[in-house]
>>> print(open('input.txt').read())   # compact mmCIF, C-alpha atoms
# COMPACT_ATOMS: atom_id res chain seq x y z
CA MET A 1 34.48 58.70 -11.26
CA THR A 2 34.21 57.54 -14.86
CA LYS A 3 33.26 59.07 -18.18
CA ALA A 4 29.93 58.57 -19.93
CA ILE A 5 27.73 60.04 -22.64
CA ARG A 6 24.72 61.77 -21.08
CA VAL A 7 21.49 63.08 -22.61
CA HIS A 8 19.85 65.94 -20.70
CA HIS A 9 17.14 66.66 -23.27
CA VAL A 10 16.05 64.81 -26.39
CA GLY A 11 17.08 66.02 -29.81
CA GLY A 12 19.75 65.66 -32.49
CA PRO A 13 23.19 64.10 -32.13
CA GLU A 14 24.46 67.31 -30.51
CA VAL A 15 22.59 66.47 -27.27
CA LEU A 16 25.09 63.65 -26.58
CA ARG A 17 27.41 65.09 -23.92
CA TRP A 18 30.69 63.60 -22.61
CA GLU A 19 30.60 63.96 -18.82
CA ASP A 20 32.03 62.70 -15.54
CA VAL A 21 29.72 60.32 -13.67
CA ASP A 22 29.95 58.23 -10.54
CA PRO A 23 28.83 54.66 -11.32
CA GLY A 24 28.51 53.81 -7.63
CA LYS A 25 28.81 50.39 -6.03
CA PRO A 26 26.82 47.35 -7.11
CA ALA A 27 23.59 46.76 -5.21
CA LYS A 28 21.93 43.40 -4.78
CA ASP A 29 21.89 41.41 -8.06
CA GLU A 30 24.11 43.98 -9.78
CA VAL A 31 27.71 44.05 -11.02
CA LEU A 32 30.16 46.84 -11.74
CA LEU A 33 31.24 46.41 -15.35
CA ARG A 34 34.24 48.00 -17.10
CA HIS A 35 33.34 48.25 -20.76
CA THR A 36 35.85 47.21 -23.39
CA ALA A 37 33.49 47.73 -26.34
CA ILE A 38 30.00 49.15 -26.86
CA GLY A 39 27.56 48.43 -29.68
CA LEU A 40 25.86 51.20 -31.66
CA ASN A 41 22.26 50.56 -32.71
CA PHE A 42 19.43 52.53 -34.27
CA ILE A 43 17.36 52.13 -31.14
CA ASP A 44 19.92 54.45 -29.51
CA VAL A 45 18.72 57.14 -31.92
CA TYR A 46 15.09 56.44 -30.97
CA HIS A 47 15.98 56.97 -27.30
CA ARG A 48 18.02 60.10 -28.03
CA THR A 49 15.24 61.70 -30.09
CA GLY A 50 12.40 60.65 -27.80
CA ILE A 51 10.67 58.34 -30.31
CA TYR A 52 11.11 55.72 -27.60
CA PRO A 53 10.79 57.86 -24.44
CA VAL A 54 13.17 57.12 -21.59
CA GLU A 55 11.62 57.34 -18.13
CA ARG A 56 13.99 59.85 -16.63
CA LEU A 57 16.36 62.60 -17.79
CA PRO A 58 19.29 62.85 -17.88
CA PHE A 59 20.17 59.34 -19.03
CA THR A 60 23.05 57.39 -20.51
CA PRO A 61 22.02 55.83 -23.84
CA GLY A 62 23.07 52.50 -25.31
CA LEU A 63 21.68 48.99 -24.90
CA GLU A 64 24.62 46.79 -25.81
CA GLY A 65 28.15 46.24 -24.57
CA ALA A 66 30.91 43.90 -23.53
CA GLY A 67 33.46 44.12 -20.76
CA VAL A 68 34.97 42.75 -17.59
CA ILE A 69 33.27 42.48 -14.20
CA GLU A 70 35.12 44.52 -11.55
CA ALA A 71 32.79 43.97 -8.57
CA VAL A 72 29.64 42.00 -7.75
CA GLY A 73 26.78 42.76 -5.39
CA ASP A 74 24.96 40.47 -3.00
CA GLY A 75 22.93 37.73 -4.61
CA VAL A 76 25.13 37.36 -7.70
CA SER A 77 26.11 33.70 -7.73
CA ASP A 78 26.78 32.70 -11.33
CA LEU A 79 29.16 35.54 -12.26
CA LYS A 80 32.43 36.62 -10.66
CA VAL A 81 35.06 39.36 -10.79
CA GLY A 82 37.18 38.99 -13.92
CA ASP A 83 34.50 37.34 -16.06
CA ARG A 84 34.18 38.59 -19.62
CA VAL A 85 30.50 39.29 -20.24
CA ALA A 86 28.22 40.85 -22.83
CA TYR A 87 24.63 42.03 -22.87
CA ALA A 88 21.83 43.63 -24.83
CA GLY A 89 18.74 45.28 -23.43
CA ALA A 90 20.07 47.16 -20.38
CA ILE A 91 20.12 50.88 -21.13
CA GLY A 92 23.24 52.78 -20.10
CA SER A 93 26.05 51.25 -22.14
CA TYR A 94 27.63 54.52 -23.38
CA ALA A 95 29.91 54.62 -20.35
CA GLU A 96 33.44 53.52 -19.48
CA ARG A 97 32.04 51.82 -16.37
CA ARG A 98 28.49 51.10 -15.31
CA LEU A 99 26.33 49.16 -12.90
CA ALA A 100 24.46 46.42 -14.73
CA PRO A 101 21.82 43.87 -13.71
CA ALA A 102 23.50 40.47 -13.48
CA ALA A 103 20.41 38.79 -14.97
CA LYS A 104 21.04 40.59 -18.29
CA LEU A 105 24.66 39.43 -18.65
CA VAL A 106 26.00 36.35 -20.41
CA ARG A 107 29.56 35.06 -20.38
CA ILE A 108 31.50 35.53 -23.60
CA PRO A 109 32.80 32.13 -24.71
CA ASP A 110 36.42 31.54 -25.65
CA GLY A 111 37.02 32.22 -29.32
CA ILE A 112 34.90 35.39 -29.43
CA ASP A 113 36.64 38.71 -28.72
CA ASP A 114 35.03 41.58 -26.84
CA GLN A 115 34.48 43.85 -29.86
CA THR A 116 32.73 41.05 -31.74
CA ALA A 117 30.58 40.31 -28.69
CA ALA A 118 29.61 43.98 -28.33
CA ALA A 119 28.74 44.16 -32.02
CA MET A 120 26.63 41.02 -32.10
CA MET A 121 24.49 40.82 -28.98
CA LEU A 122 21.57 43.09 -29.84
CA LYS A 123 21.71 42.61 -33.60
CA GLY A 124 22.50 38.90 -33.46
CA MET A 125 19.88 38.00 -30.87
CA THR A 126 17.39 40.15 -32.77
CA VAL A 127 18.04 38.03 -35.85
CA GLN A 128 17.81 34.88 -33.76
CA TYR A 129 14.32 35.66 -32.48
CA LEU A 130 13.15 37.08 -35.82
CA LEU A 131 14.09 33.96 -37.78
CA THR A 132 13.18 31.36 -35.15
CA GLY A 133 10.50 33.03 -33.03
CA CYS A 134 8.39 35.48 -35.04
CA TYR A 135 8.34 33.30 -38.13
CA PRO A 136 10.39 30.07 -38.02
CA VAL A 137 12.22 30.21 -41.35
CA LYS A 138 12.59 26.81 -42.97
CA ARG A 139 14.24 25.35 -46.04
CA GLY A 140 12.44 26.38 -49.21
CA ASP A 141 10.99 29.63 -47.83
CA THR A 142 11.47 32.93 -49.63
CA ILE A 143 11.68 35.99 -47.37
CA LEU A 144 12.12 39.74 -47.80
CA PHE A 145 14.49 41.52 -45.44
CA HIS A 146 14.65 45.31 -45.59
CA ALA A 147 17.97 47.13 -45.02
CA ALA A 148 19.85 43.98 -45.94
CA ALA A 149 23.27 45.65 -45.84
CA GLY A 150 22.89 46.96 -42.29
CA GLY A 151 24.12 45.43 -39.08
CA VAL A 152 21.01 43.33 -38.54
CA GLY A 153 20.53 42.71 -42.25
CA THR A 154 23.95 41.23 -42.96
CA ILE A 155 23.58 38.83 -40.03
CA ALA A 156 20.03 37.92 -41.09
CA CYS A 157 21.03 37.18 -44.69
CA GLN A 158 23.75 34.78 -43.56
CA TRP A 159 21.58 33.03 -40.99
CA ALA A 160 18.50 32.76 -43.25
CA LYS A 161 20.65 31.34 -46.03
CA HIS A 162 22.03 28.77 -43.58
CA LEU A 163 18.42 27.80 -42.76
CA GLY A 164 17.79 27.13 -46.44
CA ALA A 165 15.78 30.23 -47.36
CA THR A 166 15.91 32.31 -50.52
CA VAL A 167 16.62 35.87 -49.39
CA ILE A 168 15.43 39.03 -51.10
CA GLY A 169 16.87 42.18 -49.52
CA THR A 170 16.38 45.89 -50.07
CA VAL A 171 19.44 48.17 -50.18
CA GLY A 172 20.14 51.77 -51.15
CA SER A 173 23.14 51.53 -53.48
CA GLU A 174 25.24 49.30 -55.71
CA GLN A 175 27.88 49.12 -52.98
CA LYS A 176 25.33 47.94 -50.44
CA ALA A 177 23.88 45.48 -52.95
CA LYS A 178 27.30 43.86 -53.26
CA LEU A 179 27.67 43.77 -49.48
CA ALA A 180 24.27 42.11 -49.05
CA ARG A 181 25.02 39.60 -51.81
CA ASP A 182 28.36 38.74 -50.21
CA HIS A 183 26.47 37.91 -47.01
CA GLY A 184 23.96 35.52 -48.55
CA CYS A 185 21.29 37.78 -50.04
CA ASP A 186 20.17 36.07 -53.26
CA TYR A 187 18.37 39.07 -54.72
CA PRO A 188 19.49 42.54 -53.56
CA VAL A 189 16.95 45.14 -54.69
CA ILE A 190 18.29 48.70 -55.03
CA THR A 191 15.31 50.78 -53.98
CA THR A 192 16.63 53.97 -55.61
CA LYS A 193 16.42 52.20 -58.98
CA GLU A 194 13.87 49.41 -58.57
CA ASP A 195 10.37 48.96 -57.17
CA PHE A 196 10.75 46.34 -54.46
CA VAL A 197 7.13 45.13 -54.66
CA GLN A 198 7.44 44.56 -58.39
CA ARG A 199 10.77 42.77 -57.97
CA VAL A 200 9.39 40.50 -55.25
CA ARG A 201 6.48 39.56 -57.51
CA GLU A 202 8.88 38.86 -60.39
CA ILE A 203 11.25 36.78 -58.27
CA THR A 204 8.45 34.73 -56.68
CA LYS A 205 6.49 34.47 -59.95
CA GLY A 206 3.59 36.26 -58.30
CA ALA A 207 3.39 33.99 -55.26
CA GLY A 208 4.79 36.45 -52.69
CA VAL A 209 7.11 35.79 -49.77
CA ALA A 210 6.51 33.82 -46.59
CA ALA A 211 7.64 36.68 -44.34
CA VAL A 212 8.74 40.30 -44.51
CA TYR A 213 11.14 41.64 -41.89
CA ASP A 214 10.80 45.43 -41.83
CA SER A 215 12.84 47.77 -39.64
CA VAL A 216 12.28 50.77 -41.92
CA GLY A 217 8.71 51.51 -40.91
CA LYS A 218 6.67 54.34 -42.44
CA ASP A 219 8.26 54.34 -45.90
CA THR A 220 7.94 50.60 -46.51
CA PHE A 221 5.24 49.16 -44.25
CA MET A 222 2.13 49.28 -46.44
CA ARG A 223 3.95 48.17 -49.58
CA SER A 224 5.62 45.37 -47.65
CA LEU A 225 2.16 43.89 -47.09
CA ASP A 226 1.82 43.65 -50.88
CA CYS A 227 4.88 41.39 -50.97
CA LEU A 228 3.39 38.67 -48.79
CA ARG A 229 1.81 35.43 -49.89
CA PRO A 230 -1.60 34.54 -48.39
CA LEU A 231 -1.18 33.74 -44.67
CA GLY A 232 2.22 35.44 -44.77
CA MET A 233 3.84 37.05 -41.73
CA MET A 234 4.64 40.77 -41.53
CA VAL A 235 7.31 41.39 -38.87
CA SER A 236 7.63 45.12 -38.13
CA PHE A 237 10.57 45.51 -35.76
CA GLY A 238 11.70 49.12 -36.23
CA GLN A 239 10.97 52.46 -37.85
CA SER A 240 14.15 54.12 -39.12
CA SER A 241 12.04 56.18 -41.57
CA GLY A 242 9.40 57.12 -39.00
CA LEU A 243 6.49 55.62 -37.12
CA VAL A 244 3.97 53.49 -39.00
CA PRO A 245 0.68 55.42 -38.98
CA PRO A 246 -2.50 53.78 -37.71
CA PHE A 247 -4.27 51.65 -40.31
CA ASP A 248 -7.44 49.57 -40.75
CA ILE A 249 -6.62 46.00 -39.70
CA GLY A 250 -9.18 44.84 -42.26
CA ILE A 251 -6.40 45.38 -44.80
CA LEU A 252 -4.76 42.23 -43.44
CA SER A 253 -7.76 40.11 -44.41
CA LYS A 254 -8.13 41.75 -47.83
CA LYS A 255 -4.49 41.04 -48.67
CA GLY A 256 -4.68 37.35 -47.85
CA SER A 257 -5.41 36.78 -44.15
CA LEU A 258 -1.99 38.11 -43.24
CA PHE A 259 -0.34 37.92 -39.84
CA LEU A 260 1.30 40.96 -38.24
CA THR A 261 3.61 41.21 -35.24
CA ARG A 262 5.49 44.10 -33.64
CA PRO A 263 8.06 42.29 -31.46
CA THR A 264 10.94 43.36 -29.23
CA LEU A 265 14.07 41.53 -28.16
CA MET A 266 13.30 42.43 -24.55
CA THR A 267 10.11 40.34 -24.63
CA TYR A 268 11.80 37.38 -26.28
CA THR A 269 14.63 37.39 -23.71
CA ALA A 270 12.67 38.47 -20.61
CA LYS A 271 13.17 35.07 -18.97
CA ARG A 272 16.74 34.23 -17.96
CA GLU A 273 16.50 30.78 -19.57
CA ASP A 274 15.40 32.32 -22.89
CA LEU A 275 18.26 34.82 -22.79
CA LEU A 276 20.80 32.05 -22.20
CA SER A 277 19.29 29.80 -24.88
CA ARG A 278 19.08 32.50 -27.55
CA SER A 279 22.56 33.87 -26.82
CA ARG A 280 23.97 30.32 -26.89
CA GLN A 281 22.51 29.77 -30.35
CA LEU A 282 24.02 33.06 -31.49
CA PHE A 283 27.47 32.28 -30.10
CA ASP A 284 27.32 28.85 -31.74
CA VAL A 285 26.60 30.12 -35.27
CA VAL A 286 29.34 32.74 -34.94
CA LYS A 287 31.93 30.30 -33.57
CA ASN A 288 31.03 27.76 -36.28
CA GLY A 289 31.50 30.35 -39.02
CA VAL A 290 27.86 30.26 -40.14
CA VAL A 291 27.53 33.95 -39.32
CA LYS A 292 30.41 36.41 -39.60
CA ILE A 293 30.12 39.61 -37.57
CA GLU A 294 31.72 42.44 -39.50
CA ILE A 295 32.71 45.57 -37.62
CA ASN A 296 33.04 48.11 -40.41
CA GLN A 297 33.26 51.24 -38.26
CA THR A 298 34.70 52.11 -34.86
CA PHE A 299 34.53 55.43 -33.02
CA PRO A 300 35.94 56.54 -29.68
CA LEU A 301 33.08 56.57 -27.18
CA LYS A 302 33.62 60.28 -26.57
CA GLU A 303 32.86 60.84 -30.31
CA ALA A 304 29.38 59.32 -30.09
CA VAL A 305 28.01 62.43 -31.84
CA LYS A 306 29.96 61.53 -35.00
CA ALA A 307 28.84 57.92 -34.73
CA HIS A 308 25.17 58.92 -34.55
CA GLU A 309 25.55 61.33 -37.46
CA ALA A 310 27.06 58.56 -39.61
CA LEU A 311 24.36 56.08 -38.59
CA GLU A 312 21.48 58.42 -39.37
CA ALA A 313 23.03 59.46 -42.70
CA ARG A 314 23.18 55.76 -43.74
CA ARG A 315 26.96 55.98 -44.03
CA THR A 316 27.50 52.84 -41.98
CA THR A 317 27.42 49.19 -43.01
CA GLY A 318 27.60 46.07 -40.89
CA SER A 319 28.22 46.75 -37.22
CA THR A 320 29.62 49.83 -35.50
CA VAL A 321 31.45 49.74 -32.17
CA LEU A 322 32.24 52.56 -29.73
CA LEU A 323 35.54 52.18 -27.88
CA PRO A 324 36.06 53.49 -24.33
CA SER A 325 39.40 55.14 -23.64
CA SER A 326 39.97 53.15 -20.45
>>> encode(input="input.txt", output="structure tokens")
Amino acid sequence: MTKAIRVHHVGGPEVLRWEDVDPGKPAKDEVLLRHTAIGLNFIDVYHRTGIYPVERLPFTPGLEGAGVIEAVGDGVSDLKVGDRVAYAGAIGSYAERRLAPAAKLVRIPDGIDDQTAAAMMLKGMTVQYLLTGCYPVKRGDTILFHAAAGGVGTIACQWAKHLGATVIGTVGSEQKAKLARDHGCDYPVITTKEDFVQRVREITKGAGVAAVYDSVGKDTFMRSLDCLRPLGMMVSFGQSSGLVPPFDIGILSKKGSLFLTRPTLMTYTAKREDLLSRSRQLFDVVKNGVVKIEINQTFPLKEAVKAHEALEARRTTGSTVLLPSS
């Protein structure tokens, strides 16, 4: 038996229950993984609340983790017992031990510790596909990245700056503005004091930005469109403020023949070769010091309720890691 967080019905943080579970033995193409660190992400809240429905209740939340392989099933040829591995995109990480699909796992290279790996996989690979897949950021571009002081935002600011972009980022406080600036954001915009559309127009001298990366959703979506230059790309990859309501796609033509995408990491890493390529690029920029992964909060796994409360209250910055007791 092992311990895990289980959700029997969707709702607030209080539905996260610390229970005994039997992980079982690995089936074909599976491994038994002992977690050493687990990443906390806002998508975990979407699963817990039912915004992103999970097929079956009860379930163990969490999409990201790192650990050591303890057993392998038939058909697993490129991983072995004792390997340090990390993953993003396989639900069930809020557990001390779990069965995981081998195809979702990548080896952690020397020079990257387990906590860093657990904190970077989902957020870091999200940034990788956002900046190279959805809209390939290039030198001279100006972009707008919402929630620039968050876990994804701080990685994105560093990486976009490395690519030669000018980065405008929205934040909620002076403290978060400093954090974003320290991570490469050229123009932090404090949304409690400033109108971000007006600031974007001022900074770009009315031209607008090449791309907007928006994980906030309902509260920012329509006004984000007003920040784009003609033929600009709107990348909506989350909805921390709520779902974006339906809208007339004719708005995209009226505002300058805009492009819109609603991507997911799971699509961009569905093929094994894409997963390995994207994770390799992420590991490289971290090992080379281009991107620093900052773990600003840790919680014991059994205190996942407190972790979710802090995340939803916007009391977290950078990355947050849950630590198993075993």
>>> atom_distance(input="input.txt", atom1="atom CA of A:Gly184", atom2="atom CA of A:Ala66")
27.3 Å
>>> closest_residue(input="input.txt", among="A:Cys134, A:Ala270, A:Met222, A:Leu57", to="A:Asp248", atoms="only C-alpha atoms")
A:Met222
>>> residues_near_point(input="input.txt", point="(17.4, 54.2, -29.4)", cutoff="12 Å", atoms="all atoms listed in the file", output="PyMOL selection string")
chain A and resi 7+10-11+13+39-54+59-64+89-94+122+238-240+308+311-312
>>> closest_residue(input="input.txt", among="A:Thr317, A:Ser173, A:Ser236, A:Thr116", to="A:Lys287", atoms="all atoms listed in the file")
A:Thr116
>>> atom_distance(input="input.txt", atom1="atom CA of A:Ala313", atom2="atom CA of A:Leu131")
27.5 Å
>>> atom_distance(input="input.txt", atom1="atom CA of A:Glu294", atom2="atom CA of A:Asp141")
25.8 Å
>>> closest_residue(input="input.txt", among="A:Ala118, A:Ile295, A:Ala148, A:Val171", to="A:Leu105", atoms="all atoms listed in the file")
A:Ala118
>>> closest_residue(input="input.txt", among="A:Pro300, A:Leu265, A:Thr154, A:Val106", to="A:Gln128", atoms="only C-alpha atoms")
A:Leu265
>>> residues_around(input="input.txt", residues="A:Ala207", least_positions_apart="3", cutoff="7 Å", atoms="all atoms listed in the file", output="PyMOL selection string")
chain A and resi 201+204+229
>>> closest_residue(input="input.txt", among="A:His8, A:Arg84, A:Arg17, A:Lys28", to="A:Arg56", atoms="only C-alpha atoms")
A:His8
>>> closest_residue(input="input.txt", among="A:Ile168, A:Leu33, A:Ala119, A:Leu16", to="A:Gln297", atoms="only C-alpha atoms")
A:Ala119
>>> residues_around(input="input.txt", residues="stretch 113-115 of chain A", least_positions_apart="5", cutoff="10 Å", atoms="only C-alpha atoms", output="VMD selection string")
chain A and resid 35 to 39 65 to 68 84 to 86 108 120 293 295 298 320 to 323
>>> write_last_selection(input="input.txt", atoms="C-alpha atoms", output="PDB file, keeping the file's coordinate frame")
ATOM      1  CA  HIS A  35      33.340  48.250 -20.760  1.00  0.00           C
ATOM      2  CA  THR A  36      35.850  47.210 -23.390  1.00  0.00           C
ATOM      3  CA  ALA A  37      33.490  47.730 -26.340  1.00  0.00           C
ATOM      4  CA  ILE A  38      30.000  49.150 -26.860  1.00  0.00           C
ATOM      5  CA  GLY A  39      27.560  48.430 -29.680  1.00  0.00           C
ATOM      6  CA  GLY A  65      28.150  46.240 -24.570  1.00  0.00           C
ATOM      7  CA  ALA A  66      30.910  43.900 -23.530  1.00  0.00           C
ATOM      8  CA  GLY A  67      33.460  44.120 -20.760  1.00  0.00           C
ATOM      9  CA  VAL A  68      34.970  42.750 -17.590  1.00  0.00           C
ATOM     10  CA  ARG A  84      34.180  38.590 -19.620  1.00  0.00           C
ATOM     11  CA  VAL A  85      30.500  39.290 -20.240  1.00  0.00           C
ATOM     12  CA  ALA A  86      28.220  40.850 -22.830  1.00  0.00           C
ATOM     13  CA  ILE A 108      31.500  35.530 -23.600  1.00  0.00           C
ATOM     14  CA  MET A 120      26.630  41.020 -32.100  1.00  0.00           C
ATOM     15  CA  ILE A 293      30.120  39.610 -37.570  1.00  0.00           C
ATOM     16  CA  ILE A 295      32.710  45.570 -37.620  1.00  0.00           C
ATOM     17  CA  THR A 298      34.700  52.110 -34.860  1.00  0.00           C
ATOM     18  CA  THR A 320      29.620  49.830 -35.500  1.00  0.00           C
ATOM     19  CA  VAL A 321      31.450  49.740 -32.170  1.00  0.00           C
ATOM     20  CA  LEU A 322      32.240  52.560 -29.730  1.00  0.00           C
ATOM     21  CA  LEU A 323      35.540  52.180 -27.880  1.00  0.00           C
TER      22      LEU A 323
END
>>> residues_near_point(input="input.txt", point="(31.8, 50.5, -10.8)", cutoff="7 Å", atoms="all atoms listed in the file", output="number ranges by chain")
A: 23-26, 32-33, 70-71, 97-99
>>> build_atoms(input="input.txt", residues="stretch 257-266 of chain A", atoms="all heavy atoms", output="short mmCIF file (atom, residue, chain, number, x, y, z; two decimals), in the coordinates of the input")
data_model
loop_
_atom_site.label_atom_id
_atom_site.label_comp_id
_atom_site.auth_asym_id
_atom_site.auth_seq_id
_atom_site.Cartn_x
_atom_site.Cartn_y
_atom_site.Cartn_z
N SER A 257 -5.42 37.28 -45.53
CA SER A 257 -5.41 36.78 -44.15
C SER A 257 -4.00 36.80 -43.57
O SER A 257 -3.49 35.80 -43.05
CB SER A 257 -6.00 35.36 -44.08
OG SER A 257 -7.34 35.35 -44.53
N LEU A 258 -3.39 37.96 -43.66
CA LEU A 258 -1.99 38.11 -43.24
C LEU A 258 -1.87 38.16 -41.72
O LEU A 258 -2.80 38.56 -41.01
CB LEU A 258 -1.39 39.39 -43.84
CG LEU A 258 -1.46 39.52 -45.37
CD1 LEU A 258 -0.86 40.85 -45.81
CD2 LEU A 258 -0.75 38.35 -46.05
N PHE A 259 -0.69 37.80 -41.25
CA PHE A 259 -0.34 37.92 -39.84
C PHE A 259 0.58 39.12 -39.67
O PHE A 259 1.40 39.42 -40.55
CB PHE A 259 0.36 36.66 -39.32
CG PHE A 259 -0.52 35.45 -39.30
CD1 PHE A 259 -0.66 34.65 -40.42
CD2 PHE A 259 -1.24 35.11 -38.15
CE1 PHE A 259 -1.48 33.53 -40.40
CE2 PHE A 259 -2.05 34.00 -38.13
CZ PHE A 259 -2.18 33.20 -39.25
N LEU A 260 0.47 39.80 -38.52
CA LEU A 260 1.30 40.96 -38.24
C LEU A 260 1.79 40.89 -36.80
O LEU A 260 1.00 40.62 -35.89
CB LEU A 260 0.49 42.26 -38.44
CG LEU A 260 1.10 43.56 -37.90
CD1 LEU A 260 2.40 43.90 -38.64
CD2 LEU A 260 0.10 44.71 -38.01
N THR A 261 3.08 41.13 -36.59
CA THR A 261 3.61 41.21 -35.24
C THR A 261 4.56 42.40 -35.13
O THR A 261 5.22 42.78 -36.10
CB THR A 261 4.35 39.90 -34.85
OG1 THR A 261 4.79 40.01 -33.49
CG2 THR A 261 5.55 39.64 -35.74
N ARG A 262 4.56 42.99 -33.94
CA ARG A 262 5.49 44.10 -33.64
C ARG A 262 6.29 43.69 -32.40
O ARG A 262 5.94 44.03 -31.27
CB ARG A 262 4.72 45.40 -33.41
CG ARG A 262 5.62 46.61 -33.10
CD ARG A 262 6.57 46.88 -34.26
NE ARG A 262 7.41 48.06 -34.04
CZ ARG A 262 8.59 48.04 -33.40
NH1 ARG A 262 9.05 46.91 -32.89
NH2 ARG A 262 9.28 49.15 -33.27
N PRO A 263 7.36 42.91 -32.59
CA PRO A 263 8.06 42.29 -31.46
C PRO A 263 9.20 43.15 -30.93
O PRO A 263 9.63 44.13 -31.56
CB PRO A 263 8.61 41.01 -32.09
CG PRO A 263 8.96 41.45 -33.49
CD PRO A 263 7.92 42.47 -33.88
N THR A 264 9.71 42.77 -29.77
CA THR A 264 10.94 43.36 -29.23
C THR A 264 11.82 42.24 -28.67
O THR A 264 11.32 41.22 -28.18
CB THR A 264 10.66 44.36 -28.09
OG1 THR A 264 10.20 43.65 -26.94
CG2 THR A 264 9.65 45.41 -28.50
N LEU A 265 13.11 42.47 -28.73
CA LEU A 265 14.07 41.53 -28.16
C LEU A 265 13.83 41.38 -26.66
O LEU A 265 13.98 40.28 -26.11
CB LEU A 265 15.50 42.01 -28.42
CG LEU A 265 16.63 41.23 -27.75
CD1 LEU A 265 16.66 39.78 -28.25
CD2 LEU A 265 17.97 41.91 -27.99
N MET A 266 13.46 42.46 -26.00
CA MET A 266 13.30 42.43 -24.55
C MET A 266 12.22 41.42 -24.14
O MET A 266 12.36 40.74 -23.12
CB MET A 266 12.96 43.82 -24.01
CG MET A 266 14.10 44.81 -24.11
SD MET A 266 14.51 45.21 -25.83
CE MET A 266 15.81 46.41 -25.59
#
